[in-house]
file final.pdb (PDB, C-alpha atoms)
ATOM      1  CA  MET A   1       6.683 101.989 126.412  1.00  0.00           C
ATOM      2  CA  SER A   2       3.298 101.766 128.146  1.00  0.00           C
ATOM      3  CA  ILE A   3       2.087  98.579 129.820  1.00  0.00           C
ATOM      4  CA  GLU A   4      -0.404  98.086 126.964  1.00  0.00           C
ATOM      5  CA  GLU A   5       2.408  98.385 124.394  1.00  0.00           C
ATOM      6  CA  LYS A   6       4.547  95.931 126.362  1.00  0.00           C
ATOM      7  CA  VAL A   7       1.696  93.433 126.540  1.00  0.00           C
ATOM      8  CA  GLN A   8       1.016  93.773 122.787  1.00  0.00           C
ATOM      9  CA  TYR A   9       4.721  93.314 122.056  1.00  0.00           C
ATOM     10  CA  ALA A  10       4.758  90.122 124.145  1.00  0.00           C
ATOM     11  CA  VAL A  11       1.611  88.784 122.443  1.00  0.00           C
ATOM     12  CA  ASP A  12       3.053  89.556 118.998  1.00  0.00           C
ATOM     13  CA  ARG A  13       6.339  87.889 119.925  1.00  0.00           C
ATOM     14  CA  PHE A  14       4.592  84.696 121.059  1.00  0.00           C
ATOM     15  CA  GLU A  15       2.517  84.640 117.871  1.00  0.00           C
ATOM     16  CA  ILE A  16       5.688  85.053 115.781  1.00  0.00           C
ATOM     17  CA  GLN A  17       7.357  82.181 117.650  1.00  0.00           C
ATOM     18  CA  ASP A  18       4.276  80.027 116.981  1.00  0.00           C
ATOM     19  CA  VAL A  19       4.275  80.734 113.236  1.00  0.00           C
ATOM     20  CA  ILE A  20       7.995  79.908 113.038  1.00  0.00           C
ATOM     21  CA  THR A  21       7.349  76.639 114.899  1.00  0.00           C
ATOM     22  CA  ARG A  22       4.408  75.748 112.626  1.00  0.00           C
ATOM     23  CA  TYR A  23       6.845  75.607 109.707  1.00  0.00           C
ATOM     24  CA  SER A  24       8.613  72.665 111.391  1.00  0.00           C
ATOM     25  CA  PHE A  25       5.273  71.047 112.231  1.00  0.00           C
ATOM     26  CA  GLY A  26       4.369  71.238 108.541  1.00  0.00           C
ATOM     27  CA  GLN A  27       7.463  69.174 107.819  1.00  0.00           C
ATOM     28  CA  ASP A  28       7.407  66.820 110.789  1.00  0.00           C
ATOM     29  CA  LEU A  29       3.708  65.958 111.027  1.00  0.00           C
ATOM     30  CA  HIS A  30       3.864  64.633 107.465  1.00  0.00           C
ATOM     31  CA  GLN A  31       6.496  61.877 107.430  1.00  0.00           C
ATOM     32  CA  GLY A  32       7.613  59.474 104.721  1.00  0.00           C
ATOM     33  CA  ASP A  33       5.431  59.509 101.628  1.00  0.00           C
ATOM     34  CA  ASP A  34       2.876  61.971 103.104  1.00  0.00           C
ATOM     35  CA  PRO A  35       3.444  65.157 101.047  1.00  0.00           C
ATOM     36  CA  ASN A  36       0.728  67.319 102.647  1.00  0.00           C
ATOM     37  CA  ILE A  37       2.963  69.954 104.258  1.00  0.00           C
ATOM     38  CA  LEU A  38       0.865  72.698 102.648  1.00  0.00           C
ATOM     39  CA  GLU A  39      -1.946  71.812 105.056  1.00  0.00           C
ATOM     40  CA  ILE A  40       0.027  73.701 107.729  1.00  0.00           C
ATOM     41  CA  TRP A  41       2.271  75.931 105.608  1.00  0.00           C
ATOM     42  CA  LYS A  42      -0.741  77.882 104.278  1.00  0.00           C
ATOM     43  CA  ASP A  43      -0.982  79.310 107.828  1.00  0.00           C
ATOM     44  CA  VAL A  44       2.754  80.062 107.981  1.00  0.00           C
ATOM     45  CA  PHE A  45       3.464  82.082 104.828  1.00  0.00           C
ATOM     46  CA  THR A  46       1.895  85.006 103.007  1.00  0.00           C
ATOM     47  CA  LYS A  47       0.492  84.071  99.590  1.00  0.00           C
ATOM     48  CA  ASP A  48       3.426  85.826  97.880  1.00  0.00           C
ATOM     49  CA  ALA A  49       6.151  84.635 100.284  1.00  0.00           C
ATOM     50  CA  VAL A  50       9.617  83.905  98.913  1.00  0.00           C
ATOM     51  CA  LEU A  51      11.779  81.108 100.323  1.00  0.00           C
ATOM     52  CA  ASP A  52      15.464  81.540  99.547  1.00  0.00           C
ATOM     53  CA  TYR A  53      17.076  78.145 100.106  1.00  0.00           C
ATOM     54  CA  SER A  54      19.944  78.828  97.694  1.00  0.00           C
ATOM     55  CA  ALA A  55      22.325  77.629 100.436  1.00  0.00           C
ATOM     56  CA  ALA A  56      20.839  74.159  99.783  1.00  0.00           C
ATOM     57  CA  GLY A  57      21.041  74.527  95.996  1.00  0.00           C
ATOM     58  CA  ASN A  58      17.477  75.692  95.340  1.00  0.00           C
ATOM     59  CA  PRO A  59      16.632  79.025  93.686  1.00  0.00           C
ATOM     60  CA  PRO A  60      14.351  81.442  95.572  1.00  0.00           C
ATOM     61  CA  THR A  61      10.759  80.328  95.062  1.00  0.00           C
ATOM     62  CA  SER A  62       7.255  80.219  96.518  1.00  0.00           C
ATOM     63  CA  TYR A  63       6.422  78.007  99.476  1.00  0.00           C
ATOM     64  CA  GLU A  64       4.108  75.934  97.255  1.00  0.00           C
ATOM     65  CA  HIS A  65       6.950  75.198  94.838  1.00  0.00           C
ATOM     66  CA  MET A  66       9.342  74.511  97.742  1.00  0.00           C
ATOM     67  CA  ALA A  67       6.887  71.834  98.916  1.00  0.00           C
ATOM     68  CA  VAL A  68       7.179  70.196  95.464  1.00  0.00           C
ATOM     69  CA  ILE A  69      10.988  70.463  95.555  1.00  0.00           C
ATOM     70  CA  MET A  70      11.055  68.793  98.964  1.00  0.00           C
ATOM     71  CA  ARG A  71       8.236  66.245  98.663  1.00  0.00           C
ATOM     72  CA  GLY A  72       7.612  65.900  94.955  1.00  0.00           C
ATOM     73  CA  ASP A  73       4.312  65.676  93.117  1.00  0.00           C
ATOM     74  CA  LYS A  74       2.738  63.532  90.388  1.00  0.00           C
ATOM     75  CA  HIS A  75       5.567  64.471  88.003  1.00  0.00           C
ATOM     76  CA  THR A  76       8.592  65.002  90.266  1.00  0.00           C
ATOM     77  CA  VAL A  77      10.440  63.033  92.949  1.00  0.00           C
ATOM     78  CA  GLY A  78      11.186  65.256  95.946  1.00  0.00           C
ATOM     79  CA  ASN A  79      14.674  65.717  97.358  1.00  0.00           C
ATOM     80  CA  MET A  80      13.491  64.179 100.661  1.00  0.00           C
ATOM     81  CA  SER A  81      12.443  60.925  98.960  1.00  0.00           C
ATOM     82  CA  SER A  82      15.509  59.023 100.211  1.00  0.00           C
ATOM     83  CA  PHE A  83      14.519  59.688 103.844  1.00  0.00           C
ATOM     84  CA  SER A  84      11.938  57.793 105.877  1.00  0.00           C
ATOM     85  CA  ASN A  85      11.617  60.194 108.806  1.00  0.00           C
ATOM     86  CA  TRP A  86      12.846  63.608 109.884  1.00  0.00           C
ATOM     87  CA  GLN A  87      12.688  66.143 112.653  1.00  0.00           C
ATOM     88  CA  HIS A  88      13.280  69.895 112.446  1.00  0.00           C
ATOM     89  CA  LEU A  89      14.151  71.541 115.748  1.00  0.00           C
ATOM     90  CA  ALA A  90      14.052  75.326 115.892  1.00  0.00           C
ATOM     91  CA  GLY A  91      15.841  77.271 118.595  1.00  0.00           C
ATOM     92  CA  ASN A  92      14.386  80.329 120.278  1.00  0.00           C
ATOM     93  CA  PRO A  93      14.128  83.108 117.701  1.00  0.00           C
ATOM     94  CA  VAL A  94      15.636  86.544 118.151  1.00  0.00           C
ATOM     95  CA  VAL A  95      12.735  88.801 117.161  1.00  0.00           C
ATOM     96  CA  LYS A  96      12.512  92.494 116.307  1.00  0.00           C
ATOM     97  CA  ILE A  97       9.023  93.958 115.888  1.00  0.00           C
ATOM     98  CA  GLU A  98       8.328  97.318 114.235  1.00  0.00           C
ATOM     99  CA  GLY A  99       4.587  97.903 113.947  1.00  0.00           C
ATOM    100  CA  LYS A 100       3.078  95.378 111.547  1.00  0.00           C
ATOM    101  CA  LYS A 101       6.473  94.143 110.349  1.00  0.00           C
ATOM    102  CA  ALA A 102       8.998  91.976 112.130  1.00  0.00           C
ATOM    103  CA  SER A 103      12.253  90.146 111.554  1.00  0.00           C
ATOM    104  CA  ALA A 104      13.514  87.006 113.250  1.00  0.00           C
ATOM    105  CA  ARG A 105      16.557  84.750 113.238  1.00  0.00           C
ATOM    106  CA  THR A 106      16.117  81.180 114.424  1.00  0.00           C
ATOM    107  CA  ASP A 107      18.726  78.446 114.766  1.00  0.00           C
ATOM    108  CA  LEU A 108      17.872  75.137 113.121  1.00  0.00           C
ATOM    109  CA  TRP A 109      18.877  71.513 113.699  1.00  0.00           C
ATOM    110  CA  ALA A 110      17.357  69.087 111.191  1.00  0.00           C
ATOM    111  CA  THR A 111      17.752  65.321 111.135  1.00  0.00           C
ATOM    112  CA  HIS A 112      16.716  63.108 108.220  1.00  0.00           C
ATOM    113  CA  LYS A 113      16.736  59.309 108.646  1.00  0.00           C
ATOM    114  CA  GLY A 114      17.865  57.361 105.612  1.00  0.00           C
ATOM    115  CA  LYS A 115      15.197  55.117 104.072  1.00  0.00           C
ATOM    116  CA  LEU A 116      15.595  51.356 103.682  1.00  0.00           C
ATOM    117  CA  THR A 117      15.971  50.805  99.916  1.00  0.00           C
ATOM    118  CA  ASP A 118      16.703  47.440  98.288  1.00  0.00           C
ATOM    119  CA  GLY A 119      17.720  45.984 101.663  1.00  0.00           C
ATOM    120  CA  LYS A 120      20.201  48.800 102.325  1.00  0.00           C
ATOM    121  CA  ILE A 121      19.747  51.822 104.579  1.00  0.00           C
ATOM    122  CA  MET A 122      20.420  55.058 102.715  1.00  0.00           C
ATOM    123  CA  PRO A 123      22.645  57.622 104.504  1.00  0.00           C
ATOM    124  CA  SER A 124      21.071  59.984 107.033  1.00  0.00           C
ATOM    125  CA  LEU A 125      21.455  63.754 106.740  1.00  0.00           C
ATOM    126  CA  TYR A 126      22.087  66.136 109.621  1.00  0.00           C
ATOM    127  CA  VAL A 127      21.927  69.896 109.077  1.00  0.00           C
ATOM    128  CA  ALA A 128      22.835  72.785 111.387  1.00  0.00           C
ATOM    129  CA  GLY A 129      21.772  76.209 110.226  1.00  0.00           C
ATOM    130  CA  ALA A 130      19.448  79.137 110.758  1.00  0.00           C
ATOM    131  CA  PHE A 131      16.446  80.831 109.222  1.00  0.00           C
ATOM    132  CA  THR A 132      16.279  84.588 108.772  1.00  0.00           C
ATOM    133  CA  ASP A 133      12.665  85.673 108.361  1.00  0.00           C
ATOM    134  CA  GLU A 134      10.751  88.795 107.468  1.00  0.00           C
ATOM    135  CA  LEU A 135       7.179  88.707 108.785  1.00  0.00           C
ATOM    136  CA  VAL A 136       4.047  90.797 108.379  1.00  0.00           C
ATOM    137  CA  LYS A 137       0.960  91.019 110.546  1.00  0.00           C
ATOM    138  CA  THR A 138      -2.067  90.145 108.414  1.00  0.00           C
ATOM    139  CA  ALA A 139      -5.776  89.928 109.155  1.00  0.00           C
ATOM    140  CA  TYR A 140      -5.086  86.224 109.905  1.00  0.00           C
ATOM    141  CA  GLY A 141      -2.111  86.832 112.199  1.00  0.00           C
ATOM    142  CA  TRP A 142       1.644  86.951 111.663  1.00  0.00           C
ATOM    143  CA  ARG A 143       2.944  85.325 108.477  1.00  0.00           C
ATOM    144  CA  ILE A 144       6.407  84.878 107.003  1.00  0.00           C
ATOM    145  CA  SER A 145       6.819  86.909 103.804  1.00  0.00           C
ATOM    146  CA  TYR A 146      10.499  86.073 103.203  1.00  0.00           C
ATOM    147  CA  ARG A 147      12.659  83.255 104.551  1.00  0.00           C
ATOM    148  CA  LYS A 148      16.369  82.703 103.948  1.00  0.00           C
ATOM    149  CA  LEU A 149      18.120  79.487 104.917  1.00  0.00           C
ATOM    150  CA  GLU A 150      21.706  79.559 106.164  1.00  0.00           C
ATOM    151  CA  ILE A 151      23.600  76.289 106.417  1.00  0.00           C
ATOM    152  CA  HIS A 152      26.434  76.155 108.938  1.00  0.00           C
ATOM    153  CA  PHE A 153      27.252  72.518 108.198  1.00  0.00           C
ATOM    154  CA  MET A 154      25.710  69.312 106.845  1.00  0.00           C
ATOM    155  CA  ASP A 155      26.802  65.746 107.432  1.00  0.00           C
ATOM    156  CA  LEU A 156      25.695  62.738 105.434  1.00  0.00           C
ATOM    157  CA  LEU A 157      26.211  59.694 107.646  1.00  0.00           C
ATOM    158  CA  GLN A 158      25.705  56.007 107.061  1.00  0.00           C
ATOM    159  CA  THR A 159      23.531  54.748 109.892  1.00  0.00           C
ATOM    160  CA  LEU A 160      23.301  51.270 111.298  1.00  0.00           C
ATOM    161  CA  PRO A 161      20.141  49.191 111.431  1.00  0.00           C
ATOM    162  CA  LEU A 162      18.687  48.571 114.855  1.00  0.00           C
ATOM    163  CA  PRO A 163      19.403  45.052 116.155  1.00  0.00           C
ATOM    164  CA  SER A 164      16.408  42.728 115.785  1.00  0.00           C
TER     165      SER A 164
END

call {"tool": "encode", "arguments": {"input": "final.pdb", "output": "structure tokens"}}
result
Amino acid sequence: MSIEEKVQYAVDRFEIQDVITRYSFGQDLHQGDDPNILEIWKDVFTKDAVLDYSAAGNPPTSYEHMAVIMRGDKHTVGNMSSFSNWQHLAGNPVVKIEGKKASARTDLWATHKGKLTDGKIMPSLYVAGAFTDELVKTAYGWRISYRKLEIHFMDLLQTLPLPS
């Protein structure tokens, strides 16, 4: 591999890491009742991307529909509606690049803080898992064209209120 090819590989790898991280930012920069994750996700996925979150009970679907499943819309309550805050931490991805296509596997740790409802704190959810991604290099940079969620374990825990 020439020095130019090595440099391009490194640049591509950093760009892939950034697009994987932007997925979490789409979730985490829009907390609580702010459903606007598509503001960032439009720069993460290809227009025809498929998200396979069947491990969490959702059929494979588009990223736009996954945003509705998670956050809801005018007609639907999202499955994250019982949480007030969350954070999605992605580990370092293992990346394989072949021309304008790539694959990556990234460990995931996601925390979801239970919302205060009717004077009671709802349980918090902790998830350990991984994402397996297929990516393509587009005119706008690397984008995820397919994402599969693996869940290693989930714990639903009752949390305590902070002392006042």

call {"tool": "residues_around", "arguments": {"input": "final.pdb", "residues": "Glu150 of chain A", "least_positions_apart": "4", "cutoff": "10 Å", "atoms": "all atoms listed in the file", "output": "JSON, numbers by chain"}}
result
{"A": [52, 53, 54, 55, 56, 107, 108, 128, 129, 130, 131, 132]}

call {"tool": "closest_residue", "arguments": {"input": "final.pdb", "among": "A:Gly78, A:Met1, A:Ser84, A:Leu89", "to": "Phe25 of chain A", "atoms": "all atoms listed in the file"}}
result
A:Leu89

call {"tool": "resolve_selection", "arguments": {"input": "final.pdb", "expression": "the PyMOL selection byres ((chain A and resi 65-68) around 9)", "output": "number ranges by chain"}}
result
A: 35-38, 51, 53, 58, 60-64, 69-73, 76-79

call {"tool": "atom_distance", "arguments": {"input": "final.pdb", "atom1": "atom CA of Gly32 of chain A", "atom2": "atom CA of Trp142 of chain A"}}
result
29.0 Å

call {"tool": "resolve_selection", "arguments": {"input": "final.pdb", "expression": "the PyMOL selection byres ((chain A and resi 90-101) around 9)", "output": "ChimeraX atom specification"}}
result
/A:9,12-13,16-17,20-21,24,88-89,102-110,130-131,134-138,142

call {"tool": "atom_distance", "arguments": {"input": "final.pdb", "atom1": "atom CA of Ser82 of chain A", "atom2": "atom CA of Ile144 of chain A"}}
result
28.2 Å

call {"tool": "resolve_selection", "arguments": {"input": "final.pdb", "expression": "the PyMOL selection byres ((chain A and resi 155) around 6)", "output": "list in words"}}
result
Leu125, Tyr126, Met154 and Leu156 of chain A

call {"tool": "atom_distance", "arguments": {"input": "final.pdb", "atom1": "atom CA of Asp33 of chain A", "atom2": "atom CA of Phe83 of chain A"}}
result
9.4 Å

call {"tool": "closest_residue", "arguments": {"input": "final.pdb", "among": "A:Ser81, A:Ser145, A:Gln87, A:Gln27", "to": "Met122 of chain A", "atoms": "only C-alpha atoms"}}
result
A:Ser81

call {"tool": "closest_residue", "arguments": {"input": "final.pdb", "among": "A:Val50, A:Glu4, A:Val11, A:Ile121", "to": "Lys148 of chain A", "atoms": "only C-alpha atoms"}}
result
A:Val50
